[in-house]
>>> print(open('my_file.pdb').read())   # PDB, C-alpha atoms
ATOM      1  CA  MET L  16     -20.436   4.801  -1.699
ATOM      2  CA  ASP L  17     -20.215   8.502  -1.081
ATOM      3  CA  GLU L  18     -16.577   9.174  -1.966
ATOM      4  CA  SER L  19     -17.011  12.787  -0.854
ATOM      5  CA  ARG L  20     -16.603  11.427   2.698
ATOM      6  CA  ILE L  21     -12.982  10.487   1.841
ATOM      7  CA  VAL L  22     -10.336  13.141   2.436
ATOM      8  CA  ILE L  23      -6.751  12.593   1.268
ATOM      9  CA  ARG L  24      -4.205  14.600   3.253
ATOM     10  CA  PRO L  25      -0.581  14.474   4.359
ATOM     11  CA  ALA L  26       0.065  12.340   7.420
ATOM     12  CA  THR L  27       0.788  14.085  10.688
ATOM     13  CA  GLU L  28       2.591  12.923  13.815
ATOM     14  CA  ALA L  29      -0.844  12.388  15.358
ATOM     15  CA  ASP L  30      -1.618   9.776  12.650
ATOM     16  CA  ARG L  31       1.253   7.464  13.527
ATOM     17  CA  ALA L  32      -0.715   5.160  15.837
ATOM     18  CA  SER L  33      -3.618   4.943  13.361
ATOM     19  CA  VAL L  34      -1.289   4.211  10.455
ATOM     20  CA  GLN L  35       0.508   1.544  12.515
ATOM     21  CA  ALA L  36      -2.892  -0.011  13.293
ATOM     22  CA  ILE L  37      -3.850  -0.019   9.588
ATOM     23  CA  LEU L  38      -0.556  -1.686   8.700
ATOM     24  CA  ALA L  39      -1.009  -4.262  11.487
ATOM     25  CA  ASP L  40      -4.545  -4.960  10.245
ATOM     26  CA  THR L  41      -3.431  -5.519   6.656
ATOM     27  CA  PHE L  42      -0.564  -7.708   7.886
ATOM     28  CA  GLU L  43      -3.036  -9.903   9.786
ATOM     29  CA  THR L  44      -5.707 -10.065   7.070
ATOM     30  CA  THR L  45      -3.637 -10.101   3.872
ATOM     31  CA  TRP L  46      -0.117 -11.283   4.604
ATOM     32  CA  ARG L  47      -0.117 -13.526   7.657
ATOM     33  CA  PRO L  48      -2.302 -16.278   6.132
ATOM     34  CA  HIS L  49       0.325 -16.785   3.412
ATOM     35  CA  LEU L  50       3.559 -16.444   5.388
ATOM     36  CA  THR L  51       5.681 -19.152   6.938
ATOM     37  CA  SER L  52       5.824 -19.274  10.730
ATOM     38  CA  ALA L  53       9.448 -18.110  10.603
ATOM     39  CA  ALA L  54       8.547 -15.086   8.453
ATOM     40  CA  ILE L  55       5.717 -14.149  10.822
ATOM     41  CA  GLU L  56       8.017 -14.405  13.830
ATOM     42  CA  ASP L  57      10.695 -12.343  12.080
ATOM     43  CA  TYR L  58       8.226  -9.597  11.111
ATOM     44  CA  LEU L  59       6.696  -9.359  14.569
ATOM     45  CA  SER L  60       9.850  -9.725  16.670
ATOM     46  CA  ALA L  61      11.756  -7.169  14.584
ATOM     47  CA  GLY L  62       8.843  -4.718  14.736
ATOM     48  CA  ARG L  63       9.154  -4.246  10.978
ATOM     49  CA  GLY L  64       5.763  -2.578  10.541
ATOM     50  CA  ASP L  65       6.276  -0.084  13.344
ATOM     51  CA  ARG L  66       9.819   0.611  12.155
ATOM     52  CA  TYR L  67       8.577   1.249   8.594
ATOM     53  CA  VAL L  68       5.985   3.716   9.849
ATOM     54  CA  GLY L  69       8.497   5.373  12.165
ATOM     55  CA  GLU L  70      11.004   5.900   9.373
ATOM     56  CA  HIS L  71       8.654   6.958   6.581
ATOM     57  CA  TRP L  72       5.435   8.441   8.020
ATOM     58  CA  PRO L  73       6.300  12.026   6.985
ATOM     59  CA  ALA L  74       6.040  10.878   3.336
ATOM     60  CA  PHE L  75       2.657   9.148   3.843
ATOM     61  CA  TRP L  76      -0.669  10.453   2.644
ATOM     62  CA  VAL L  77      -3.669   9.399   4.702
ATOM     63  CA  ALA L  78      -7.193   8.642   3.533
ATOM     64  CA  GLU L  79      -9.526   9.892   6.195
ATOM     65  CA  MET L  80     -13.142   8.778   6.296
ATOM     66  CA  ASP L  81     -15.593  10.363   8.681
ATOM     67  CA  GLY L  82     -12.674  12.061  10.424
ATOM     68  CA  LYS L  83     -10.598   8.916  11.024
ATOM     69  CA  PRO L  84      -7.657   7.429   9.090
ATOM     70  CA  ALA L  85      -8.837   4.493   6.982
ATOM     71  CA  GLY L  86      -5.839   3.959   4.711
ATOM     72  CA  PHE L  87      -2.545   5.383   3.533
ATOM     73  CA  VAL L  88      -0.207   5.507   0.555
ATOM     74  CA  HIS L  89       3.542   6.022   0.346
ATOM     75  CA  TRP L  90       5.608   6.559  -2.788
ATOM     76  CA  ASP L  91       9.181   7.486  -3.570
ATOM     77  CA  GLY L  92       9.946   8.865  -7.019
ATOM     78  CA  ASP L  93       7.867   6.817  -9.464
ATOM     79  CA  PHE L  94       7.542   3.806  -7.150
ATOM     80  CA  ILE L  95       4.488   3.274  -4.951
ATOM     81  CA  GLU L  96       5.990   1.655  -1.869
ATOM     82  CA  ALA L  97       2.743   0.926  -0.021
ATOM     83  CA  VAL L  98      -1.028   1.205  -0.313
ATOM     84  CA  HIS L  99      -2.942  -0.043   2.708
ATOM     85  CA  VAL L 100      -6.637   0.187   3.534
ATOM     86  CA  SER L 101      -8.019  -1.134   6.806
ATOM     87  CA  SER L 102     -10.050  -4.295   6.348
ATOM     88  CA  ASN L 103     -13.239  -2.668   7.656
ATOM     89  CA  HIS L 104     -12.979   0.037   4.965
ATOM     90  CA  LEU L 105     -12.418  -2.155   1.901
ATOM     91  CA  ARG L 106     -14.581  -1.668  -1.201
ATOM     92  CA  ARG L 107     -15.400   1.947  -0.364
ATOM     93  CA  GLY L 108     -13.171   3.617  -2.949
ATOM     94  CA  ILE L 109     -10.404   4.470  -0.501
ATOM     95  CA  GLY L 110      -7.665   2.508  -2.264
ATOM     96  CA  SER L 111      -8.645   4.025  -5.606
ATOM     97  CA  ARG L 112      -8.548   7.525  -4.181
ATOM     98  CA  LEU L 113      -5.120   6.874  -2.650
ATOM     99  CA  LEU L 114      -3.777   5.500  -5.941
ATOM    100  CA  ASP L 115      -5.299   8.441  -7.857
ATOM    101  CA  HIS L 116      -3.510  10.848  -5.548
ATOM    102  CA  ALA L 117      -0.162   9.058  -5.803
ATOM    103  CA  GLU L 118      -0.385   8.746  -9.595
ATOM    104  CA  ARG L 119      -1.167  12.468  -9.998
ATOM    105  CA  ALA L 120       1.762  13.413  -7.748
ATOM    106  CA  ILE L 121       4.131  11.048  -9.577
ATOM    107  CA  ALA L 122       3.062  12.507 -12.940
ATOM    108  CA  ALA L 123       3.401  16.074 -11.607
ATOM    109  CA  ALA L 124       6.974  15.215 -10.563
ATOM    110  CA  GLY L 125       7.711  14.472 -14.224
ATOM    111  CA  PHE L 126       7.657  10.681 -14.242
ATOM    112  CA  ALA L 127       6.177   8.919 -17.263
ATOM    113  CA  GLU L 128       4.906   5.929 -15.319
ATOM    114  CA  ALA L 129       4.000   4.713 -11.841
ATOM    115  CA  ARG L 130       5.389   1.399 -10.646
ATOM    116  CA  LEU L 131       4.488  -0.916  -7.772
ATOM    117  CA  GLU L 132       4.953  -4.497  -6.647
ATOM    118  CA  SER L 133       2.623  -7.186  -5.386
ATOM    119  CA  ASP L 134       3.296 -10.770  -4.457
ATOM    120  CA  ASP L 135       1.785 -13.641  -6.422
ATOM    121  CA  PHE L 136      -0.743 -14.692  -3.770
ATOM    122  CA  ASN L 137      -2.420 -11.259  -3.646
ATOM    123  CA  ARG L 138      -4.724 -11.724  -6.626
ATOM    124  CA  ARG L 139      -7.268  -9.208  -5.315
ATOM    125  CA  SER L 140      -4.724  -6.407  -5.616
ATOM    126  CA  HIS L 141      -3.632  -7.654  -9.060
ATOM    127  CA  ALA L 142      -7.207  -7.320 -10.310
ATOM    128  CA  VAL L 143      -7.399  -3.754  -8.989
ATOM    129  CA  TYR L 144      -4.101  -2.761 -10.599
ATOM    130  CA  LEU L 145      -4.980  -4.333 -13.958
ATOM    131  CA  THR L 146      -8.374  -2.592 -13.967
ATOM    132  CA  ARG L 147      -6.596   0.720 -13.305
ATOM    133  CA  GLY L 148      -4.315   0.315 -16.328
ATOM    134  CA  TYR L 149      -1.260  -1.260 -14.737
ATOM    135  CA  VAL L 150       0.564  -3.902 -16.763
ATOM    136  CA  GLU L 151       2.717  -6.689 -15.380
ATOM    137  CA  LYS L 152       6.311  -5.945 -16.379
ATOM    138  CA  ASP L 153       8.383  -8.515 -14.527
ATOM    139  CA  ARG L 154       8.423 -11.394 -12.026
ATOM    140  CA  TYR L 155      11.202 -12.260  -9.610
ATOM    141  CA  PRO L 156      11.707 -14.154  -6.355
ATOM    142  CA  ASP L 157      10.544 -12.259  -3.282
ATOM    143  CA  ASP L 158      13.497 -12.023  -0.939
ATOM    144  CA  GLU L 159      11.734  -9.915   1.702
ATOM    145  CA  TRP L 160       9.388 -12.504   3.229
ATOM    146  CA  ASN L 161      11.402 -15.710   2.830
ATOM    147  CA  SER L 162       8.171 -17.567   2.126
ATOM    148  CA  GLY L 163       8.647 -18.729  -1.463
ATOM    149  CA  PHE L 164       6.640 -15.916  -3.057
ATOM    150  CA  THR L 165       7.128 -14.466  -6.490
ATOM    151  CA  THR L 166       6.983 -10.670  -6.719
ATOM    152  CA  LEU L 167       5.163  -9.126  -9.666
ATOM    153  CA  LEU L 168       6.226  -5.691 -10.878
ATOM    154  CA  PHE L 169       3.406  -3.586 -12.331
ATOM    155  CA  ALA L 170       3.718  -0.298 -14.232
ATOM    156  CA  LYS L 171       1.174   2.210 -15.485
ATOM    157  CA  PRO L 172       1.848   4.890 -18.075
ATOM    158  CA  LEU L 173       0.890   8.334 -16.789
ATOM    159  CA  GLY L 174      -0.190  11.328 -18.794
TER     160      GLY L 174
END
>>> encode(input="my_file.pdb", output="structure tokens")
Amino acid sequence: MDESRIVIRPATEADRASVQAILADTFETTWRPHLTSAAIEDYLSAGRGDRYVGEHWPAFWVAEMDGKPAGFVHWDGDFIEAVHVSSNHLRRGIGSRLLDHAERAIAAAGFAEARLESDDFNRRSHAVYLTRGYVEKDRYPDDEWNSGFTTLLFAKPLG
């Protein structure tokens, strides 16, 4: 993979539709297969993905590949709120580049570690985080999806 084709940049208003599409794609391919019918209905009827993008897009950083958004990352303080890569761009180094960018920014802001969460079913992401130096710090019931998941908290020392 030629990672030089990946550009990480701040999101713009013009990226909103693309970022919403990436989030919808990752909902369909990663989350939906594991959610209860009620949780799916709640997410879709409440427009939770679109609302999240609408409220937070100015804090997003976009991974652009060949001139088009392929993923995004969002963090607040030392906590990485979201990392999403469209399913047709997986395994191209985009997620790693997004995490690299977020981790550098978190360290530059003076934080000693980066933290993030992942639910128990998402073993692919766990493997990525562990390979990158994250360590599981805690487990607790996921109250966001109402689907019986356990949330895993990961942290990575920065420096």
>>> residues_around(input="my_file.pdb", residues="L:Tyr149", least_positions_apart="6", cutoff="10 Å", atoms="all atoms listed in the file", output="ChimeraX atom specification")
/L:128-131,141-143,168-172
>>> write_last_selection(input="my_file.pdb", atoms="C-alpha atoms", output="PDB file, in the coordinates of the input")
ATOM      1  CA  GLU L 128       4.906   5.929 -15.319  1.00  0.00           C
ATOM      2  CA  ALA L 129       4.000   4.713 -11.841  1.00  0.00           C
ATOM      3  CA  ARG L 130       5.389   1.399 -10.646  1.00  0.00           C
ATOM      4  CA  LEU L 131       4.488  -0.916  -7.772  1.00  0.00           C
ATOM      5  CA  HIS L 141      -3.632  -7.654  -9.060  1.00  0.00           C
ATOM      6  CA  ALA L 142      -7.207  -7.320 -10.310  1.00  0.00           C
ATOM      7  CA  VAL L 143      -7.399  -3.754  -8.989  1.00  0.00           C
ATOM      8  CA  LEU L 168       6.226  -5.691 -10.878  1.00  0.00           C
ATOM      9  CA  PHE L 169       3.406  -3.586 -12.331  1.00  0.00           C
ATOM     10  CA  ALA L 170       3.718  -0.298 -14.232  1.00  0.00           C
ATOM     11  CA  LYS L 171       1.174   2.210 -15.485  1.00  0.00           C
ATOM     12  CA  PRO L 172       1.848   4.890 -18.075  1.00  0.00           C
TER      13      PRO L 172
END
>>> residues_around(input="my_file.pdb", residues="L:Arg154", least_positions_apart="3", cutoff="8 Å", atoms="all atoms listed in the file", output="list in words")
Thr165, Thr166, Leu167 and Leu168 of chain L
>>> residues_around(input="my_file.pdb", residues="L:Ala97", least_positions_apart="2", cutoff="10 Å", atoms="all atoms listed in the file", output="tab-separated table (two decimals) with C-alpha atoms, in the frame of the given file")
chain	number	residue	atom	x	y	z
L	38	LEU	CA	-0.56	-1.69	8.70
L	75	PHE	CA	2.66	9.15	3.84
L	87	PHE	CA	-2.54	5.38	3.53
L	88	VAL	CA	-0.21	5.51	0.56
L	89	HIS	CA	3.54	6.02	0.35
L	90	TRP	CA	5.61	6.56	-2.79
L	91	ASP	CA	9.18	7.49	-3.57
L	94	PHE	CA	7.54	3.81	-7.15
L	95	ILE	CA	4.49	3.27	-4.95
L	99	HIS	CA	-2.94	-0.04	2.71
L	114	LEU	CA	-3.78	5.50	-5.94
L	131	LEU	CA	4.49	-0.92	-7.77
L	132	GLU	CA	4.95	-4.50	-6.65
L	133	SER	CA	2.62	-7.19	-5.39
>>> residues_around(input="my_file.pdb", residues="L:Val77", least_positions_apart="4", cutoff="9 Å", atoms="all atoms listed in the file", output="PyMOL selection string")
chain L and resi 22-27+30+34+84-88+113
>>> closest_residue(input="my_file.pdb", among="L:Ser102, L:Thr146, L:Thr51, L:Gln35", to="L:Gly163", atoms="all atoms listed in the file")
L:Thr51
>>> axis_aligned_box(input="my_file.pdb", around="stretch 78-83 of chain L", padding_each_side="8 Å", output="JSON")
{"center_x": -11.4, "center_y": 10.4, "center_z": 7.3, "size_x": 24.4, "size_y": 19.4, "size_z": 23.5}
>>> atom_distance(input="my_file.pdb", atom1="atom CA of L:Ala36", atom2="atom CA of L:Asp81")
17.0 Å
>>> atom_distance(input="my_file.pdb", atom1="atom CA of L:Gly108", atom2="atom CA of L:Arg147")
12.6 Å
>>> residues_around(input="my_file.pdb", residues="L:Leu173", least_positions_apart="3", cutoff="9 Å", atoms="only C-alpha atoms", output="number ranges by chain")
L: 118-119, 121-122, 126-129
>>> closest_residue(input="my_file.pdb", among="L:Ile109, L:Ala53, L:Ile37, L:Val100", to="L:Arg20", atoms="all atoms listed in the file")
L:Ile109
>>> closest_residue(input="my_file.pdb", among="L:Lys83, L:Tyr58, L:Val150, L:Trp46", to="L:Phe164", atoms="only C-alpha atoms")
L:Trp46
>>> atom_distance(input="my_file.pdb", atom1="atom CA of L:Thr41", atom2="atom CA of L:Asn103")
10.3 Å
>>> closest_residue(input="my_file.pdb", among="L:Ser33, L:Ser162, L:Thr45, L:Ser60", to="L:Glu79", atoms="only C-alpha atoms")
L:Ser33
>>> closest_residue(input="my_file.pdb", among="L:Ala32, L:Ala123, L:Leu50, L:Ile21", to="L:Glu159", atoms="only C-alpha atoms")
L:Leu50
>>> closest_residue(input="my_file.pdb", among="L:Phe42, L:Trp160, L:Trp72, L:Tyr67", to="L:Ala29", atoms="only C-alpha atoms")
L:Trp72
>>> build_atoms(input="my_file.pdb", residues="stretch 61-72 of chain L", atoms="N, CA and C atoms", output="PDB file, in the coordinates of the input")
ATOM      1  N   ALA L  61      10.927  -8.295  15.019  1.00  0.00           N
ATOM      2  CA  ALA L  61      11.756  -7.169  14.584  1.00  0.00           C
ATOM      3  C   ALA L  61      10.972  -5.860  14.562  1.00  0.00           C
ATOM      4  N   GLY L  62       9.654  -5.934  14.771  1.00  0.00           N
ATOM      5  CA  GLY L  62       8.843  -4.718  14.736  1.00  0.00           C
ATOM      6  C   GLY L  62       8.917  -4.015  13.391  1.00  0.00           C
ATOM      7  N   ARG L  63       8.950  -4.812  12.318  1.00  0.00           N
ATOM      8  CA  ARG L  63       9.154  -4.246  10.978  1.00  0.00           C
ATOM      9  C   ARG L  63       8.079  -3.251  10.577  1.00  0.00           C
ATOM     10  N   GLY L  64       6.829  -3.513  10.894  1.00  0.00           N
ATOM     11  CA  GLY L  64       5.763  -2.578  10.541  1.00  0.00           C
ATOM     12  C   GLY L  64       5.910  -1.250  11.262  1.00  0.00           C
ATOM     13  N   ASP L  65       6.114  -1.308  12.565  1.00  0.00           N
ATOM     14  CA  ASP L  65       6.276  -0.084  13.344  1.00  0.00           C
ATOM     15  C   ASP L  65       7.528   0.681  12.912  1.00  0.00           C
ATOM     16  N   ARG L  66       8.586  -0.041  12.607  1.00  0.00           N
ATOM     17  CA  ARG L  66       9.819   0.611  12.155  1.00  0.00           C
ATOM     18  C   ARG L  66       9.599   1.308  10.811  1.00  0.00           C
ATOM     19  N   TYR L  67       8.886   0.647   9.898  1.00  0.00           N
ATOM     20  CA  TYR L  67       8.577   1.249   8.594  1.00  0.00           C
ATOM     21  C   TYR L  67       7.803   2.552   8.777  1.00  0.00           C
ATOM     22  N   VAL L  68       6.770   2.506   9.597  1.00  0.00           N
ATOM     23  CA  VAL L  68       5.985   3.716   9.849  1.00  0.00           C
ATOM     24  C   VAL L  68       6.865   4.787  10.493  1.00  0.00           C
ATOM     25  N   GLY L  69       7.644   4.413  11.485  1.00  0.00           N
ATOM     26  CA  GLY L  69       8.497   5.373  12.165  1.00  0.00           C
ATOM     27  C   GLY L  69       9.484   6.067  11.248  1.00  0.00           C
ATOM     28  N   GLU L  70      10.009   5.338  10.282  1.00  0.00           N
ATOM     29  CA  GLU L  70      11.004   5.900   9.373  1.00  0.00           C
ATOM     30  C   GLU L  70      10.395   6.711   8.237  1.00  0.00           C
ATOM     31  N   HIS L  71       9.180   6.375   7.816  1.00  0.00           N
ATOM     32  CA  HIS L  71       8.654   6.958   6.581  1.00  0.00           C
ATOM     33  C   HIS L  71       7.370   7.771   6.725  1.00  0.00           C
ATOM     34  N   TRP L  72       6.750   7.812   7.909  1.00  0.00           N
ATOM     35  CA  TRP L  72       5.435   8.441   8.020  1.00  0.00           C
ATOM     36  C   TRP L  72       5.378   9.862   7.467  1.00  0.00           C
TER      37      TRP L  72
END
